[in-house]
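Colleague: So I've got this file, model-v2.cif, and it contains mmCIF, C-alpha atoms:
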```
data_work
#
loop_
_atom_site.group_PDB
_atom_site.id
_atom_site.type_symbol
_atom_site.label_atom_id
_atom_site.label_comp_id
_atom_site.auth_asym_id
_atom_site.auth_seq_id
_atom_site.Cartn_x
_atom_site.Cartn_y
_atom_site.Cartn_z
ATOM 1 C CA MET A 1 -12.747 52.245 50.078
ATOM 2 C CA ASN A 2 -12.709 48.998 48.196
ATOM 3 C CA GLY A 3 -11.760 46.276 50.695
ATOM 4 C CA ASN A 4 -9.800 43.064 50.267
ATOM 5 C CA ALA A 5 -11.305 40.051 51.959
ATOM 6 C CA ASP A 6 -8.214 37.875 51.468
ATOM 7 C CA SER A 7 -5.341 40.209 52.360
ATOM 8 C CA GLU A 8 -3.194 39.946 55.460
ATOM 9 C CA VAL A 9 -3.817 42.188 58.440
ATOM 10 C CA TYR A 10 -3.243 45.826 57.484
ATOM 11 C CA TRP A 11 -1.993 46.865 60.921
ATOM 12 C CA TRP A 12 0.742 44.214 60.982
ATOM 13 C CA ARG A 13 2.374 45.054 57.691
ATOM 14 C CA PRO A 14 5.794 46.703 57.596
ATOM 15 C CA LEU A 15 5.635 50.455 57.191
ATOM 16 C CA GLU A 16 8.263 52.999 56.162
ATOM 17 C CA GLY A 17 11.049 52.789 58.700
ATOM 18 C CA ASP A 18 10.275 49.164 59.637
ATOM 19 C CA ASP A 19 12.868 47.636 57.295
ATOM 20 C CA ALA A 20 15.843 47.748 59.668
ATOM 21 C CA GLU A 21 16.819 44.547 61.457
ATOM 22 C CA PRO A 22 15.003 44.686 64.811
ATOM 23 C CA ASP A 23 16.924 44.324 68.046
ATOM 24 C CA THR A 24 15.667 42.211 70.956
ATOM 25 C CA ARG A 25 13.624 45.030 72.451
ATOM 26 C CA GLN A 26 11.937 45.773 69.124
ATOM 27 C CA LYS A 27 11.158 42.102 68.569
ATOM 28 C CA ILE A 28 9.464 41.923 71.957
ATOM 29 C CA LEU A 29 7.530 45.134 71.319
ATOM 30 C CA PHE A 30 6.170 44.048 67.951
ATOM 31 C CA ALA A 31 5.280 40.554 69.190
ATOM 32 C CA ALA A 32 3.487 42.158 72.138
ATOM 33 C CA TYR A 33 1.686 44.538 69.796
ATOM 34 C CA LYS A 34 0.354 41.643 67.726
ATOM 35 C CA GLU A 35 -0.613 39.639 70.800
ATOM 36 C CA ILE A 36 -2.451 42.619 72.320
ATOM 37 C CA HIS A 37 -4.194 43.412 69.039
ATOM 38 C CA MET A 38 -5.431 39.840 68.717
ATOM 39 C CA HIS A 39 -6.457 39.193 72.317
ATOM 40 C CA GLY A 40 -6.632 42.522 74.120
ATOM 41 C CA PHE A 41 -4.176 43.640 76.788
ATOM 42 C CA GLN A 42 -5.664 41.803 79.742
ATOM 43 C CA ALA A 43 -5.793 38.461 77.929
ATOM 44 C CA ALA A 44 -2.420 38.922 76.209
ATOM 45 C CA SER A 45 -0.009 36.141 77.111
ATOM 46 C CA LEU A 46 3.646 36.801 77.895
ATOM 47 C CA LYS A 47 4.254 33.114 77.119
ATOM 48 C CA ASN A 48 2.949 33.640 73.576
ATOM 49 C CA ILE A 49 5.056 36.767 73.169
ATOM 50 C CA LEU A 50 8.194 34.894 74.195
ATOM 51 C CA ALA A 51 7.326 31.999 71.876
ATOM 52 C CA HIS A 52 7.045 34.343 68.902
ATOM 53 C CA THR A 53 10.328 36.115 69.619
ATOM 54 C CA GLY A 54 12.524 33.257 70.819
ATOM 55 C CA VAL A 55 13.873 35.420 73.656
ATOM 56 C CA THR A 56 14.047 34.383 77.284
ATOM 57 C CA LYS A 57 11.810 35.606 80.097
ATOM 58 C CA GLY A 58 14.875 37.218 81.626
ATOM 59 C CA ALA A 59 15.513 39.183 78.428
ATOM 60 C CA LEU A 60 11.908 40.386 78.383
ATOM 61 C CA TYR A 61 12.079 41.583 82.004
ATOM 62 C CA HIS A 62 15.442 43.217 81.299
ATOM 63 C CA HIS A 63 13.697 45.562 78.873
ATOM 64 C CA PHE A 64 10.250 45.744 80.506
ATOM 65 C CA PRO A 65 9.869 45.329 84.295
ATOM 66 C CA ASN A 66 6.269 44.127 84.035
ATOM 67 C CA LYS A 67 3.405 43.529 81.634
ATOM 68 C CA THR A 68 1.883 46.967 82.205
ATOM 69 C CA GLU A 69 5.111 48.756 81.255
ATOM 70 C CA LEU A 70 5.278 46.576 78.139
ATOM 71 C CA GLY A 71 1.741 47.678 77.258
ATOM 72 C CA TYR A 72 2.666 51.326 77.746
ATOM 73 C CA ALA A 73 5.666 50.902 75.441
ATOM 74 C CA VAL A 74 3.500 49.245 72.767
ATOM 75 C CA ILE A 75 1.281 52.343 72.752
ATOM 76 C CA GLU A 76 4.120 54.868 72.750
ATOM 77 C CA GLU A 77 6.501 53.147 70.360
ATOM 78 C CA VAL A 78 4.413 50.965 68.057
ATOM 79 C CA ILE A 79 0.818 52.177 67.847
ATOM 80 C CA ALA A 80 1.752 55.868 67.936
ATOM 81 C CA GLN A 81 4.327 55.353 65.181
ATOM 82 C CA ARG A 82 1.936 53.424 62.957
ATOM 83 C CA ILE A 83 -0.804 56.043 63.341
ATOM 84 C CA HIS A 84 1.768 58.718 62.500
ATOM 85 C CA LEU A 85 3.138 56.909 59.440
ATOM 86 C CA SER A 86 -0.280 55.809 58.166
ATOM 87 C CA PHE A 87 -2.488 58.844 58.786
ATOM 88 C CA ILE A 88 -0.453 61.893 59.839
ATOM 89 C CA HIS A 89 2.857 62.055 57.979
ATOM 90 C CA PRO A 90 1.424 61.434 54.466
ATOM 91 C CA LEU A 91 -0.808 64.535 54.694
ATOM 92 C CA GLN A 92 2.275 66.760 54.679
ATOM 93 C CA PHE A 93 2.887 65.917 51.001
ATOM 94 C CA PHE A 94 -0.424 67.280 49.675
ATOM 95 C CA GLU A 95 -1.086 70.922 48.829
ATOM 96 C CA ASN A 96 -4.736 70.366 49.687
ATOM 97 C CA PRO A 97 -5.504 68.075 52.664
ATOM 98 C CA VAL A 98 -8.797 67.163 50.990
ATOM 99 C CA ASP A 99 -6.817 65.309 48.317
ATOM 100 C CA GLY A 100 -4.587 63.784 50.973
ATOM 101 C CA PHE A 101 -7.448 62.456 53.050
ATOM 102 C CA ILE A 102 -9.224 61.024 50.026
ATOM 103 C CA GLU A 103 -6.078 59.183 48.962
ATOM 104 C CA LEU A 104 -5.528 57.866 52.490
ATOM 105 C CA ILE A 105 -9.140 56.703 52.788
ATOM 106 C CA LEU A 106 -9.103 54.958 49.413
ATOM 107 C CA GLY A 107 -5.690 53.412 50.054
ATOM 108 C CA ALA A 108 -6.562 52.112 53.507
ATOM 109 C CA GLY A 109 -9.940 50.842 52.364
ATOM 110 C CA SER A 110 -8.440 48.813 49.553
ATOM 111 C CA ALA A 111 -5.968 47.252 51.989
ATOM 112 C CA PHE A 112 -8.369 46.318 54.800
ATOM 113 C CA SER A 113 -9.440 42.672 55.002
ATOM 114 C CA MET A 114 -12.123 40.811 56.922
ATOM 115 C CA ARG A 115 -9.437 39.941 59.457
ATOM 116 C CA ASP A 116 -8.952 43.676 60.040
ATOM 117 C CA ILE A 117 -12.694 44.008 60.541
ATOM 118 C CA GLU A 118 -12.652 41.181 63.085
ATOM 119 C CA LEU A 119 -9.764 42.696 65.052
ATOM 120 C CA GLY A 120 -10.571 46.397 64.676
ATOM 121 C CA CYS A 121 -8.175 49.307 65.045
ATOM 122 C CA PRO A 122 -5.666 48.650 67.861
ATOM 123 C CA LEU A 123 -5.943 52.259 69.034
ATOM 124 C CA THR A 124 -9.717 52.060 69.405
ATOM 125 C CA THR A 125 -9.674 48.561 70.871
ATOM 126 C CA LEU A 126 -7.201 49.481 73.598
ATOM 127 C CA SER A 127 -9.044 52.736 74.292
ATOM 128 C CA GLN A 128 -12.251 50.815 74.924
ATOM 129 C CA GLU A 129 -10.595 48.105 77.002
ATOM 130 C CA MET A 130 -7.998 49.924 79.095
ATOM 131 C CA ALA A 131 -8.685 53.677 79.215
ATOM 132 C CA PRO A 132 -11.570 53.265 81.709
ATOM 133 C CA ILE A 133 -9.507 51.182 84.143
ATOM 134 C CA ASP A 134 -5.886 52.342 83.895
ATOM 135 C CA GLU A 135 -4.852 55.991 83.938
ATOM 136 C CA GLY A 136 -1.478 55.239 82.374
ATOM 137 C CA PHE A 137 -3.162 53.671 79.366
ATOM 138 C CA ARG A 138 -5.733 56.476 79.146
ATOM 139 C CA VAL A 139 -3.127 59.243 79.125
ATOM 140 C CA ARG A 140 -0.947 57.551 76.521
ATOM 141 C CA LEU A 141 -3.869 56.729 74.233
ATOM 142 C CA SER A 142 -5.273 60.248 74.622
ATOM 143 C CA THR A 143 -1.892 61.667 73.607
ATOM 144 C CA ILE A 144 -2.075 59.824 70.278
ATOM 145 C CA TYR A 145 -5.553 61.206 69.587
ATOM 146 C CA GLU A 146 -4.429 64.716 70.545
ATOM 147 C CA GLN A 147 -1.390 64.579 68.265
ATOM 148 C CA TRP A 148 -3.476 63.197 65.408
ATOM 149 C CA ASN A 149 -6.123 65.878 65.919
ATOM 150 C CA LYS A 150 -3.506 68.646 66.104
ATOM 151 C CA SER A 151 -1.908 67.556 62.826
ATOM 152 C CA VAL A 152 -5.278 67.655 61.035
ATOM 153 C CA VAL A 153 -6.034 71.099 62.467
ATOM 154 C CA GLU A 154 -2.730 72.400 61.142
ATOM 155 C CA VAL A 155 -3.173 71.163 57.568
ATOM 156 C CA PHE A 156 -6.773 72.372 57.312
ATOM 157 C CA ARG A 157 -5.880 75.730 58.855
ATOM 158 C CA GLN A 158 -3.256 76.187 56.147
ATOM 159 C CA ALA A 159 -5.725 75.023 53.482
ATOM 160 C CA LYS A 160 -8.224 77.636 54.661
ATOM 161 C CA GLN A 161 -5.590 80.360 54.536
ATOM 162 C CA ASP A 162 -4.727 79.250 51.007
ATOM 163 C CA ASN A 163 -8.413 79.444 50.009
ATOM 164 C CA LEU A 164 -8.577 75.739 49.151
ATOM 165 C CA ILE A 165 -11.638 74.892 51.254
ATOM 166 C CA ILE A 166 -14.942 76.679 51.800
ATOM 167 C CA ASP A 167 -15.039 79.485 54.368
ATOM 168 C CA ILE A 168 -17.606 77.863 56.661
ATOM 169 C CA VAL A 169 -15.203 75.048 57.582
ATOM 170 C CA GLU A 170 -13.558 75.407 61.003
ATOM 171 C CA PRO A 171 -10.262 73.453 61.205
ATOM 172 C CA GLU A 172 -10.784 72.424 64.851
ATOM 173 C CA GLN A 173 -14.258 71.055 64.128
ATOM 174 C CA ILE A 174 -13.273 69.160 61.007
ATOM 175 C CA ALA A 175 -10.213 67.682 62.721
ATOM 176 C CA THR A 176 -12.289 66.273 65.573
ATOM 177 C CA MET A 177 -14.873 64.959 63.134
ATOM 178 C CA MET A 178 -12.338 63.372 60.749
ATOM 179 C CA VAL A 179 -10.372 61.535 63.450
ATOM 180 C CA ALA A 180 -13.527 60.318 65.195
ATOM 181 C CA THR A 181 -15.133 59.220 61.938
ATOM 182 C CA LEU A 182 -12.083 57.365 60.647
ATOM 183 C CA GLU A 183 -11.920 55.408 63.899
ATOM 184 C CA GLY A 184 -15.692 55.019 64.025
ATOM 185 C CA CYS A 185 -15.871 53.577 60.507
ATOM 186 C CA LEU A 186 -13.706 50.617 61.429
ATOM 187 C CA ASN A 187 -15.412 50.164 64.781
ATOM 188 C CA ALA A 188 -18.864 50.081 63.150
ATOM 189 C CA ALA A 189 -17.622 47.488 60.682
ATOM 190 C CA LYS A 190 -16.108 45.438 63.531
ATOM 191 C CA VAL A 191 -19.358 45.399 65.507
ATOM 192 C CA SER A 192 -21.425 44.425 62.456
ATOM 193 C CA GLN A 193 -18.688 42.130 61.058
ATOM 194 C CA ASN A 194 -19.521 43.687 57.711
ATOM 195 C CA LEU A 195 -16.850 44.960 55.346
ATOM 196 C CA GLY A 196 -19.570 46.790 53.427
ATOM 197 C CA LYS A 197 -20.138 49.105 56.408
ATOM 198 C CA LEU A 198 -16.539 50.222 56.155
ATOM 199 C CA MET A 199 -16.926 50.885 52.452
ATOM 200 C CA GLN A 200 -20.109 52.927 52.961
ATOM 201 C CA CYS A 201 -18.491 54.999 55.678
ATOM 202 C CA GLY A 202 -15.425 55.687 53.551
ATOM 203 C CA GLU A 203 -17.564 56.699 50.589
ATOM 204 C CA GLY A 204 -19.497 59.096 52.831
ATOM 205 C CA LEU A 205 -16.279 60.706 54.025
ATOM 206 C CA VAL A 206 -15.027 61.148 50.467
ATOM 207 C CA LEU A 207 -18.332 62.770 49.493
ATOM 208 C CA TYR A 208 -18.087 65.184 52.432
ATOM 209 C CA LEU A 209 -14.483 66.079 51.636
ATOM 210 C CA ASN A 210 -15.344 66.873 48.040
ATOM 211 C CA LEU A 211 -18.170 69.137 49.228
ATOM 212 C CA ILE A 212 -15.840 71.341 51.305
ATOM 213 C CA ARG A 213 -13.228 71.957 48.620
ATOM 214 C CA LYS A 214 -13.317 75.153 46.564
#
```
Spell out the structure here as structure tokens.
Modeller:
Amino acid sequence: MNGNADSEVYWWRPLEGDDAEPDTRQKILFAAYKEIHMHGFQAASLKNILAHTGVTKGALYHHFPNKTELGYAVIEEVIAQRIHLSFIHPLQFFENPVDGFIELILGAGSAFSMRDIELGCPLTTLSQEMAPIDEGFRVRLSTIYEQWNKSVVEVFRQAKQDNLIIDIVEPEQIATMMVATLEGCLNAAKVSQNLGKLMQCGEGLVLYLNLIRK
């Protein structure tokens, strides 16, 4: 991880599949996603969301009956997609997931800015804020973690069968550790407000990954 103190927020940048002209519902969803990421769900303002989209309150309630349902949709349709496109889908293109993870870690690290450190990962932030108090949020956020974990298990299981990683590695253990550590790296940097913490954590992960390859 290298870090970029002056770059825009990593989590708000267009990803593959984001280039189509958004419809009204998509505009509301993405504006809500940004508002929630900046302020948290409970403090998120529907007035701000409307101001950033230019749609009417009636149009918002046509698509989302209340603020809670809008929050659920942000998790299912925006955060889940961005986790998938950023950290799950790219691993499918590497013969050895060790190489894939290293590239993802280095790529993400070079893109993160101090603004990202201030805001933290939207998945972690919402998990800390809403999972303890709303079962609907908890279940939806847990589903993302489960899908992420399952995808890592699958690629490392195949790597072990192909004799690409050392025998002692258990795919289920490494999947849990990798997902938790990737999220924990950014959270530790957010708490300390120190981009260097993120870099150290990323370097430690890369070292570990190189140790388990054959």
Colleague: List the residues selected by the PyMOL selection byres ((chain A and resi 56-68) around 9) in the file shown, writing them as a list in words.
Modeller: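 What the PyMOL selection byres ((chain A and resi 56-68) around 9) grabs from the file is Thr24, Arg25, Ile28, Phe41, Leu46, Lys47, Leu50, Ala51, Thr53, Gly54, Val55, Glu69, Leu70, Gly71, Tyr72, Ala73, Gly136 and Phe137 of chain A.
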Colleague: Quick one: distance from atom CA of Glu76 of chain A to atom CA of Gln147 of chain A in Å, one decimal?
Modeller: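 Rounded to one decimal, the two atoms are 12.0 Å apart.
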Colleague: Care to translate the PyMOL selection byres ((chain A and resi 159-167) around 9) into actual residues of this file, as a PyMOL selection string?
Modeller: chain A and resi 95-98+154-158+168-171+211-214
Colleague: Counting only C-alpha atoms, which of A:Cys121, A:Leu104, A:Ala80, A:Met199 gets nearest to Glu146 of chain A?
Modeller: A:Ala80
Colleague: Enter the distance from atom CA of Tyr145 of chain A to atom CA of Gly100 of chain A, in Å, rounded to one decimal.
Modeller: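 Those two atoms sit 18.8 Å apart.
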Colleague: Taking into account only C-alpha atoms, which residue in the set A:Leu123, A:Lys190, A:His84, A:Trp12 is nearest to Lys150 of chain A?
Modeller: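 Selected residue with least distance to Lys150 of chain A: A:His84.
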Colleague: What gap, in Å, lies between atom CA of Ile102 of chain A and atom CA of Gly202 of chain A?
Modeller: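 These two atoms are separated by 8.9 Å.
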Colleague: Pick out the closest residue to His39 of chain A from this set: A:Leu126, A:Met177, A:Val152, A:Ala189. Count all atoms listed in the file.
Modeller: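 Going through A:Leu126, A:Met177, A:Val152, A:Ala189 one by one, the smallest distance to His39 of chain A is for A:Leu126.
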